[in-house]
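Just entry_14.csv here, CSV, C-alpha atoms:
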```csv
chain,number,residue,atom,x,y,z
R,1,MET,CA,18.9,81.9,-6.9
R,2,ILE,CA,15.4,81.3,-8.4
R,3,GLY,CA,13.8,82.5,-5.2
R,4,ALA,CA,11.5,79.5,-4.6
R,5,GLN,CA,8.9,80.8,-2.1
R,6,ARG,CA,6.6,77.9,-1.5
R,7,VAL,CA,5.0,74.8,-3.1
R,8,ASP,CA,1.8,76.0,-4.8
R,9,PHE,CA,0.5,72.5,-5.5
R,10,ILE,CA,1.4,68.8,-6.0
R,11,ALA,CA,-0.2,67.1,-9.0
R,12,VAL,CA,-2.0,63.9,-8.2
R,13,PRO,CA,-2.6,62.0,-11.5
R,14,THR,CA,-6.0,60.5,-12.1
R,15,ARG,CA,-7.9,58.9,-15.0
R,16,ASN,CA,-11.2,59.4,-13.2
R,17,HIS,CA,-11.3,62.8,-11.5
R,18,LEU,CA,-14.8,62.4,-10.2
R,19,ARG,CA,-13.9,59.1,-8.4
R,20,ALA,CA,-10.7,60.7,-7.2
R,21,ALA,CA,-12.6,63.8,-5.9
R,22,GLU,CA,-15.0,61.6,-4.0
R,23,PHE,CA,-12.0,59.8,-2.4
R,24,TYR,CA,-10.1,62.9,-1.4
R,25,GLY,CA,-13.1,64.8,-0.3
R,26,ASN,CA,-15.3,62.2,1.4
R,27,VAL,CA,-12.8,59.4,2.5
R,28,LEU,CA,-9.8,61.5,3.4
R,29,GLY,CA,-12.0,64.5,4.5
R,30,LEU,CA,-10.0,67.2,2.7
R,31,GLU,CA,-11.5,70.5,1.8
R,32,ARG,CA,-12.0,71.3,-1.9
R,33,ASN,CA,-10.8,74.7,-2.8
R,34,PRO,CA,-12.5,77.2,-5.2
R,35,ASN,CA,-9.7,77.1,-7.8
R,36,SER,CA,-11.0,73.7,-9.0
R,37,MET,CA,-12.0,73.2,-12.6
R,38,GLU,CA,-13.8,70.2,-14.1
R,39,ASP,CA,-10.8,68.0,-14.7
R,40,TRP,CA,-8.3,69.8,-12.3
R,41,ILE,CA,-9.7,69.6,-8.8
R,42,GLU,CA,-7.9,71.0,-5.9
R,43,PHE,CA,-8.0,69.9,-2.2
R,44,GLU,CA,-6.2,71.4,0.8
R,45,THR,CA,-4.2,69.4,3.2
R,46,GLY,CA,-3.6,72.3,5.6
R,47,ASN,CA,-0.3,73.5,4.2
R,48,VAL,CA,-0.2,72.4,0.6
R,49,THR,CA,-2.7,71.9,-2.2
R,50,LEU,CA,-3.2,68.6,-3.9
R,51,ALA,CA,-4.3,69.0,-7.5
R,52,LEU,CA,-6.2,66.0,-8.9
R,53,VAL,CA,-5.2,66.2,-12.6
R,54,ASN,CA,-7.0,64.1,-15.2
R,55,THR,CA,-4.0,63.0,-17.3
R,56,ASP,CA,-6.2,61.9,-20.2
R,57,THR,CA,-7.8,65.3,-20.7
R,58,HIS,CA,-4.5,67.1,-20.1
R,59,GLY,CA,-2.6,65.1,-22.7
R,60,ARG,CA,-0.2,63.5,-20.2
R,61,GLU,CA,0.8,59.9,-19.8
R,62,PHE,CA,-0.6,58.3,-16.6
R,63,ASN,CA,1.9,57.1,-14.0
R,64,PRO,CA,0.8,56.9,-10.4
R,65,LEU,CA,2.7,58.6,-7.5
R,66,PRO,CA,5.2,56.1,-6.0
R,67,ARG,CA,4.4,54.5,-2.6
R,68,GLY,CA,4.1,57.0,0.3
R,69,SER,CA,4.7,60.1,-1.9
R,70,VAL,CA,2.5,62.3,0.2
R,71,ALA,CA,2.5,61.9,4.0
R,72,LEU,CA,-0.6,63.2,5.6
R,73,ARG,CA,-0.2,64.1,9.2
R,74,VAL,CA,-2.9,62.8,11.5
R,75,ALA,CA,-3.2,62.9,15.3
R,76,ASP,CA,-3.5,59.1,15.6
R,77,VAL,CA,-2.3,56.8,12.8
R,78,GLU,CA,-4.0,53.7,14.3
R,79,ALA,CA,-7.4,55.5,14.6
R,80,ALA,CA,-7.1,57.0,11.1
R,81,LYS,CA,-6.1,53.6,9.7
R,82,ALA,CA,-9.3,52.1,11.2
R,83,LYS,CA,-11.4,54.8,9.7
R,84,LEU,CA,-9.9,54.3,6.3
R,85,GLU,CA,-10.4,50.6,6.5
R,86,ALA,CA,-14.0,51.1,7.6
R,87,ALA,CA,-14.4,53.1,4.4
R,88,GLY,CA,-13.1,50.2,2.4
R,89,VAL,CA,-9.5,51.3,1.9
R,90,GLU,CA,-6.8,48.7,2.1
R,91,VAL,CA,-4.1,50.1,4.4
R,92,GLY,CA,-0.7,48.5,5.0
R,93,ASP,CA,0.6,47.5,8.3
R,94,MET,CA,1.5,50.3,10.7
R,95,TRP,CA,5.2,50.9,11.2
R,96,ASP,CA,7.2,52.7,13.8
R,97,SER,CA,10.6,54.2,13.0
R,98,GLY,CA,11.4,55.2,16.5
R,99,MET,CA,10.6,58.9,15.7
R,100,CYS,CA,7.3,58.5,13.9
R,101,ASN,CA,4.7,56.0,12.9
R,102,GLY,CA,2.7,55.6,9.7
R,103,ALA,CA,0.8,53.4,7.3
R,104,SER,CA,0.6,53.4,3.6
R,105,PHE,CA,-2.3,53.1,1.2
R,106,VAL,CA,-3.2,54.0,-2.4
R,107,ASP,CA,-5.9,56.1,-3.8
R,108,PRO,CA,-8.4,54.7,-6.4
R,109,ASP,CA,-5.8,55.5,-9.2
R,110,GLY,CA,-3.0,53.7,-7.3
R,111,ASN,CA,-1.2,56.9,-6.1
R,112,GLY,CA,0.9,56.2,-3.0
R,113,ILE,CA,-0.3,58.1,0.1
R,114,MET,CA,0.6,57.7,3.8
R,115,ILE,CA,-0.9,58.6,7.1
R,116,HIS,CA,1.9,59.8,9.4
R,117,HIS,CA,2.5,61.1,12.8
R,118,ARG,CA,5.9,62.2,14.2
R,119,TYR,CA,6.1,62.0,18.0
R,120,ALA,CA,9.8,62.7,18.5
R,121,PRO,CA,11.1,66.2,18.9
R,122,TYR,CA,13.0,67.7,16.0
R,123,PRO,CA,16.8,68.2,16.2
R,124,ASP,CA,16.3,71.8,17.3
R,125,GLY,CA,14.2,70.6,20.3
R,126,SER,CA,10.9,71.8,19.0
R,127,GLN,CA,7.9,69.4,19.2
R,128,PRO,CA,6.0,68.3,16.1
R,129,ASP,CA,2.7,69.3,17.6
R,130,GLU,CA,3.9,72.8,18.1
R,131,GLU,CA,4.0,73.5,14.3
R,132,GLY,CA,1.7,76.0,12.8
O,1,MET,CA,-10.3,61.2,9.7
O,2,GLN,CA,-8.8,64.7,10.3
O,3,VAL,CA,-5.7,65.5,8.2
O,4,GLU,CA,-3.7,68.2,10.0
O,5,ARG,CA,-1.2,69.0,7.2
O,6,ALA,CA,1.2,67.3,4.7
O,7,ALA,CA,4.0,66.1,6.9
O,8,PHE,CA,6.2,65.8,3.9
O,9,VAL,CA,6.3,64.9,0.2
O,10,SER,CA,8.7,62.3,-1.1
O,11,PHE,CA,10.8,61.9,-4.2
O,12,LEU,CA,12.9,58.8,-4.8
O,13,ASN,CA,16.5,59.5,-5.8
O,14,GLN,CA,19.2,56.9,-6.5
O,15,ALA,CA,22.2,59.2,-5.9
O,16,ILE,CA,21.7,61.3,-2.8
O,17,ALA,CA,24.9,63.3,-3.2
O,18,ARG,CA,23.8,64.3,-6.7
O,19,ALA,CA,20.3,65.2,-5.4
O,20,LYS,CA,21.9,67.3,-2.7
O,21,VAL,CA,23.7,69.4,-5.3
O,22,PHE,CA,20.5,69.8,-7.3
O,23,TYR,CA,18.1,70.7,-4.6
O,24,ALA,CA,20.4,72.7,-2.3
O,25,GLU,CA,22.7,74.4,-4.8
O,26,THR,CA,20.8,74.5,-8.1
O,27,LEU,CA,17.3,75.1,-6.7
O,28,GLY,CA,18.6,76.8,-3.5
O,29,LEU,CA,16.4,74.9,-1.0
O,30,GLU,CA,17.4,74.9,2.6
O,31,VAL,CA,18.7,71.5,3.9
O,32,GLU,CA,16.6,70.4,6.9
O,33,THR,CA,18.2,67.0,7.6
O,34,GLU,CA,21.0,65.2,5.9
O,35,GLY,CA,21.9,61.5,5.8
O,36,ASP,CA,23.6,59.1,3.5
O,37,THR,CA,20.4,57.7,2.1
O,38,ASP,CA,17.8,60.3,3.1
O,39,MET,CA,17.7,64.1,3.0
O,40,GLU,CA,15.0,66.6,3.7
O,41,PHE,CA,14.8,70.0,2.1
O,42,ARG,CA,12.5,73.0,3.0
O,43,ALA,CA,10.4,74.0,0.1
O,44,GLY,CA,8.7,77.0,1.6
O,45,GLN,CA,5.9,75.5,3.8
O,46,VAL,CA,6.6,71.9,2.8
O,47,THR,CA,9.3,69.4,3.6
O,48,LEU,CA,10.6,67.6,0.5
O,49,ASP,CA,12.0,64.2,1.6
O,50,VAL,CA,14.5,62.8,-0.9
O,51,PHE,CA,15.5,59.2,-0.2
O,52,HIS,CA,17.2,56.2,-1.8
O,53,PRO,CA,14.5,53.6,-2.2
O,54,ALA,CA,16.9,50.7,-1.7
O,55,SER,CA,17.5,51.9,1.8
O,56,VAL,CA,13.9,50.8,2.7
O,57,GLY,CA,13.6,48.0,0.2
O,58,GLN,CA,11.4,50.0,-2.1
O,59,PRO,CA,11.8,49.8,-5.9
O,60,PHE,CA,12.7,53.0,-7.7
O,61,ALA,CA,9.9,54.8,-9.4
O,62,LEU,CA,9.6,58.3,-10.9
O,63,SER,CA,7.3,60.8,-9.3
O,64,PRO,CA,5.0,62.6,-11.7
O,65,ALA,CA,3.9,65.0,-8.9
O,66,GLY,CA,5.0,68.1,-10.8
O,67,LEU,CA,6.0,69.7,-7.5
O,68,ALA,CA,5.0,73.3,-8.3
O,69,LEU,CA,7.7,75.7,-6.9
O,70,ARG,CA,6.4,79.2,-6.6
O,71,VAL,CA,8.9,81.7,-7.9
O,72,PRO,CA,8.6,85.5,-8.4
O,73,ASP,CA,9.2,85.3,-12.1
O,74,VAL,CA,9.0,82.0,-14.1
O,75,ALA,CA,10.9,83.3,-17.1
O,76,ALA,CA,13.8,84.6,-15.0
O,77,GLY,CA,13.9,81.4,-12.9
O,78,ARG,CA,13.9,79.3,-16.1
O,79,LEU,CA,16.8,81.3,-17.5
O,80,GLU,CA,18.8,80.9,-14.3
O,81,LEU,CA,18.2,77.1,-14.1
O,82,GLU,CA,19.0,76.7,-17.8
O,83,SER,CA,22.3,78.5,-17.2
O,84,LYS,CA,23.0,75.9,-14.7
O,85,GLY,CA,22.3,73.1,-17.1
O,86,VAL,CA,18.8,72.2,-16.2
O,87,GLU,CA,16.7,71.1,-19.3
O,88,PHE,CA,13.1,72.1,-19.4
O,89,ASP,CA,10.3,70.0,-21.0
O,90,GLY,CA,8.8,72.2,-23.7
O,91,GLU,CA,7.9,75.9,-23.7
O,92,THR,CA,6.7,77.7,-20.7
O,93,VAL,CA,2.9,77.4,-20.5
O,94,ASP,CA,0.6,80.3,-19.9
O,95,THR,CA,-2.7,78.8,-18.7
O,96,GLY,CA,-4.5,82.1,-18.6
O,97,VAL,CA,-4.1,82.3,-14.8
O,98,CYS,CA,-0.5,81.2,-14.3
O,99,HIS,CA,2.8,80.4,-15.9
O,100,MET,CA,4.3,76.9,-15.7
O,101,ALA,CA,7.7,75.7,-16.8
O,102,PHE,CA,8.3,72.0,-16.5
O,103,PHE,CA,11.6,70.3,-15.6
O,104,ARG,CA,13.0,67.2,-13.8
O,105,ASP,CA,15.4,66.5,-11.1
O,106,PRO,CA,18.5,64.4,-12.0
O,107,ASP,CA,16.6,61.2,-11.4
O,108,GLY,CA,13.7,62.3,-13.6
O,109,ASN,CA,11.1,63.3,-10.9
O,110,SER,CA,8.9,66.1,-12.3
O,111,LEU,CA,8.8,69.6,-10.9
O,112,MET,CA,7.8,73.0,-12.3
O,113,LEU,CA,8.4,76.6,-11.8
O,114,HIS,CA,5.0,78.2,-11.2
O,115,ARG,CA,3.5,81.6,-10.7
O,116,ARG,CA,-0.1,82.5,-10.6
O,117,TYR,CA,-0.8,86.0,-11.9
O,118,ALA,CA,-4.6,86.0,-11.9
O,119,ARG,CA,-6.4,87.3,-8.9
O,120,GLN,CA,-7.9,84.5,-6.7
O,121,ASP,CA,-11.7,84.7,-6.6
```

Output the structure of this file as structure tokens.
Amino acid sequence: MIGAQRVDFIAVPTRNHLRAAEFYGNVLGLERNPNSMEDWIEFETGNVTLALVNTDTHGREFNPLPRGSVALRVADVEAAKAKLEAAGVEVGDMWDSGMCNGASFVDPDGNGIMIHHRYAPYPDGSQPDEEG
Amino acid sequence: MQVERAAFVSFLNQAIARAKVFYAETLGLEVETEGDTDMEFRAGQVTLDVFHPASVGQPFALSPAGLALRVPDVAAGRLELESKGVEFDGETVDTGVCHMAFFRDPDGNSLMLHRRYARQD
């Protein structure tokens, strides 16, 4: 086995890294980490790093993340949706799967992100809010 | 808005049984939940949700997320995956702080083997 230990980062493609950094830092409220470079800017979600990568300066074709690619856990989806909308973000209708609820939106480059909250216990009986 | 963590990261796959073989057997990730159209794998501290987009009425689209799997040794990991038939995109890159080797899952979603060797400041 290759011995995969963890996910070091997920690349979020952008064609305007300054606009993207403003969104992830100020609208989503994520903390920028010190590994950032000018056109590779890293933000922390709590358990995994999102790397905003300028595809133009990295010689990559730009394609956005599909809808709901990164689910950001929040305590209250409805309240978070209202805050995003107050900041001018268009957020889709809130859905409820019977185990969790969520709502989708896109970042300024069109990358699909979701606010999400699981309220049902996991199959092993543990509660979502008990996670580290 | 206070983000607590990433609940999961999603990749769309159009053949879940094939995705199971790739993620569980080829990459060796632990299966968290298993269904006919949706599976979850544990990638270290992150849940990777792999689902068939038609099951929720969503069009298929490739993810360019380049999910960076930390491995002890990128060269050794690459050799092992190549021996299992995984094709890599280009040579392994040495950025000066880390090694990266790019590959795709059977549906074309982008991943990489990654190992930072430079000390964090």

Give the residues of chain O that lie within 7 Å of chain R; count all atoms listed in the file, and format the answer as an MDAnalysis selection string.
chainID O and resid 1:11 27:28 43:46 61:72 77 80

Selection above as a file: C-alpha atoms, as a compact mmCIF listing (two decimals), in the frame of the given file:
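See part-v3.txt below for the written result:
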```txt
# COMPACT_ATOMS: atom_id res chain seq x y z
CA MET O 1 -10.30 61.20 9.70
CA GLN O 2 -8.80 64.70 10.30
CA VAL O 3 -5.70 65.50 8.20
CA GLU O 4 -3.70 68.20 10.00
CA ARG O 5 -1.20 69.00 7.20
CA ALA O 6 1.20 67.30 4.70
CA ALA O 7 4.00 66.10 6.90
CA PHE O 8 6.20 65.80 3.90
CA VAL O 9 6.30 64.90 0.20
CA SER O 10 8.70 62.30 -1.10
CA PHE O 11 10.80 61.90 -4.20
CA LEU O 27 17.30 75.10 -6.70
CA GLY O 28 18.60 76.80 -3.50
CA ALA O 43 10.40 74.00 0.10
CA GLY O 44 8.70 77.00 1.60
CA GLN O 45 5.90 75.50 3.80
CA VAL O 46 6.60 71.90 2.80
CA ALA O 61 9.90 54.80 -9.40
CA LEU O 62 9.60 58.30 -10.90
CA SER O 63 7.30 60.80 -9.30
CA PRO O 64 5.00 62.60 -11.70
CA ALA O 65 3.90 65.00 -8.90
CA GLY O 66 5.00 68.10 -10.80
CA LEU O 67 6.00 69.70 -7.50
CA ALA O 68 5.00 73.30 -8.30
CA LEU O 69 7.70 75.70 -6.90
CA ARG O 70 6.40 79.20 -6.60
CA VAL O 71 8.90 81.70 -7.90
CA PRO O 72 8.60 85.50 -8.40
CA GLY O 77 13.90 81.40 -12.90
CA GLU O 80 18.80 80.90 -14.30
```

Hey, can you pull every residue with an atom no more than 8 Å from (10.0, 57.3, 18.8), using all atoms listed in the file, and send it as a list in words?
Asp96, Ser97, Gly98, Met99, Cys100, Arg118, Tyr119 and Ala120 of chain R

Which value, in Å to one decimal, gives the distance between CA of Met100 (chain O) and CA of Thr47 (chain O)?
21.3 Å

Please identify all polymer residues within 7 Å of Phe102 (chain O), counting only C-alpha atoms, omitting same-chain residues fewer than 3 positions from it, and present them as a PyMOL selection string.
chain O and resi 88-89+111-113

May I have the selected residues written with C-alpha atoms, as a PDB file, in the frame of the given file?
```pdb
ATOM      1  CA  PHE O  88      13.100  72.100 -19.400  1.00  0.00           C
ATOM      2  CA  ASP O  89      10.300  70.000 -21.000  1.00  0.00           C
ATOM      3  CA  LEU O 111       8.800  69.600 -10.900  1.00  0.00           C
ATOM      4  CA  MET O 112       7.800  73.000 -12.300  1.00  0.00           C
ATOM      5  CA  LEU O 113       8.400  76.600 -11.800  1.00  0.00           C
TER       6      LEU O 113
END
```

As a PyMOL selection string, please: the residues near Asp36 (chain O) (cut-off 10 Å, all atoms listed in the file, same-chain neighbours under 6 positions excluded).
chain O and resi 15-17+51-52+55

Counting all atoms listed in the file, what is within 9 Å of Gly90 (chain O), bar same-chain residues fewer than 3 positions away, as a ChimeraX atom specification?
/O:93,101-103

With all atoms listed in the file as the counted atoms, please give the residues lying no more than 12 Å from Arg119 (chain O), apart from itself and same-chain residues fewer than 2 positions off, as a ChimeraX atom specification.
/R:35 /O:96-98,115-117,121

Mind listing as a list in words all residues within 12 Å of (24.4, 65.5, -4.7), counting only C-alpha atoms?
Asn13, Gln14, Ala15, Ile16, Ala17, Arg18, Ala19, Lys20, Val21, Phe22, Tyr23, Ala24, Glu25, Thr26, Val31, Glu34, Gly35, Asp36, Thr37, Asp38, Met39, Val50, Phe51, Asp105, Pro106 and Asp107 of chain O

Any chance you could turn region 9-25 of chain O into a file with C-alpha atoms, as a PDB file, in the first residue's frame?
```
ATOM      1  CA  VAL O   9     -14.942  16.512  -0.106  1.00  0.00           C
ATOM      2  CA  SER O  10     -16.821  15.134  -3.119  1.00  0.00           C
ATOM      3  CA  PHE O  11     -15.787  13.512  -6.373  1.00  0.00           C
ATOM      4  CA  LEU O  12     -18.353  12.464  -8.963  1.00  0.00           C
ATOM      5  CA  ASN O  13     -17.974   8.945 -10.307  1.00  0.00           C
ATOM      6  CA  GLN O  14     -20.172   7.223 -12.861  1.00  0.00           C
ATOM      7  CA  ALA O  15     -19.289   3.660 -11.880  1.00  0.00           C
ATOM      8  CA  ILE O  16     -19.328   3.239  -8.105  1.00  0.00           C
ATOM      9  CA  ALA O  17     -18.138  -0.387  -8.127  1.00  0.00           C
ATOM     10  CA  ARG O  18     -15.105   0.655 -10.186  1.00  0.00           C
ATOM     11  CA  ALA O  19     -14.478   3.595  -7.857  1.00  0.00           C
ATOM     12  CA  LYS O  20     -14.599   1.234  -4.864  1.00  0.00           C
ATOM     13  CA  VAL O  21     -11.860  -0.922  -6.349  1.00  0.00           C
ATOM     14  CA  PHE O  22      -9.732   2.140  -7.057  1.00  0.00           C
ATOM     15  CA  TYR O  23     -10.091   3.965  -3.748  1.00  0.00           C
ATOM     16  CA  ALA O  24     -10.259   0.980  -1.413  1.00  0.00           C
ATOM     17  CA  GLU O  25      -7.932  -1.496  -3.094  1.00  0.00           C
TER      18      GLU O  25
END
```
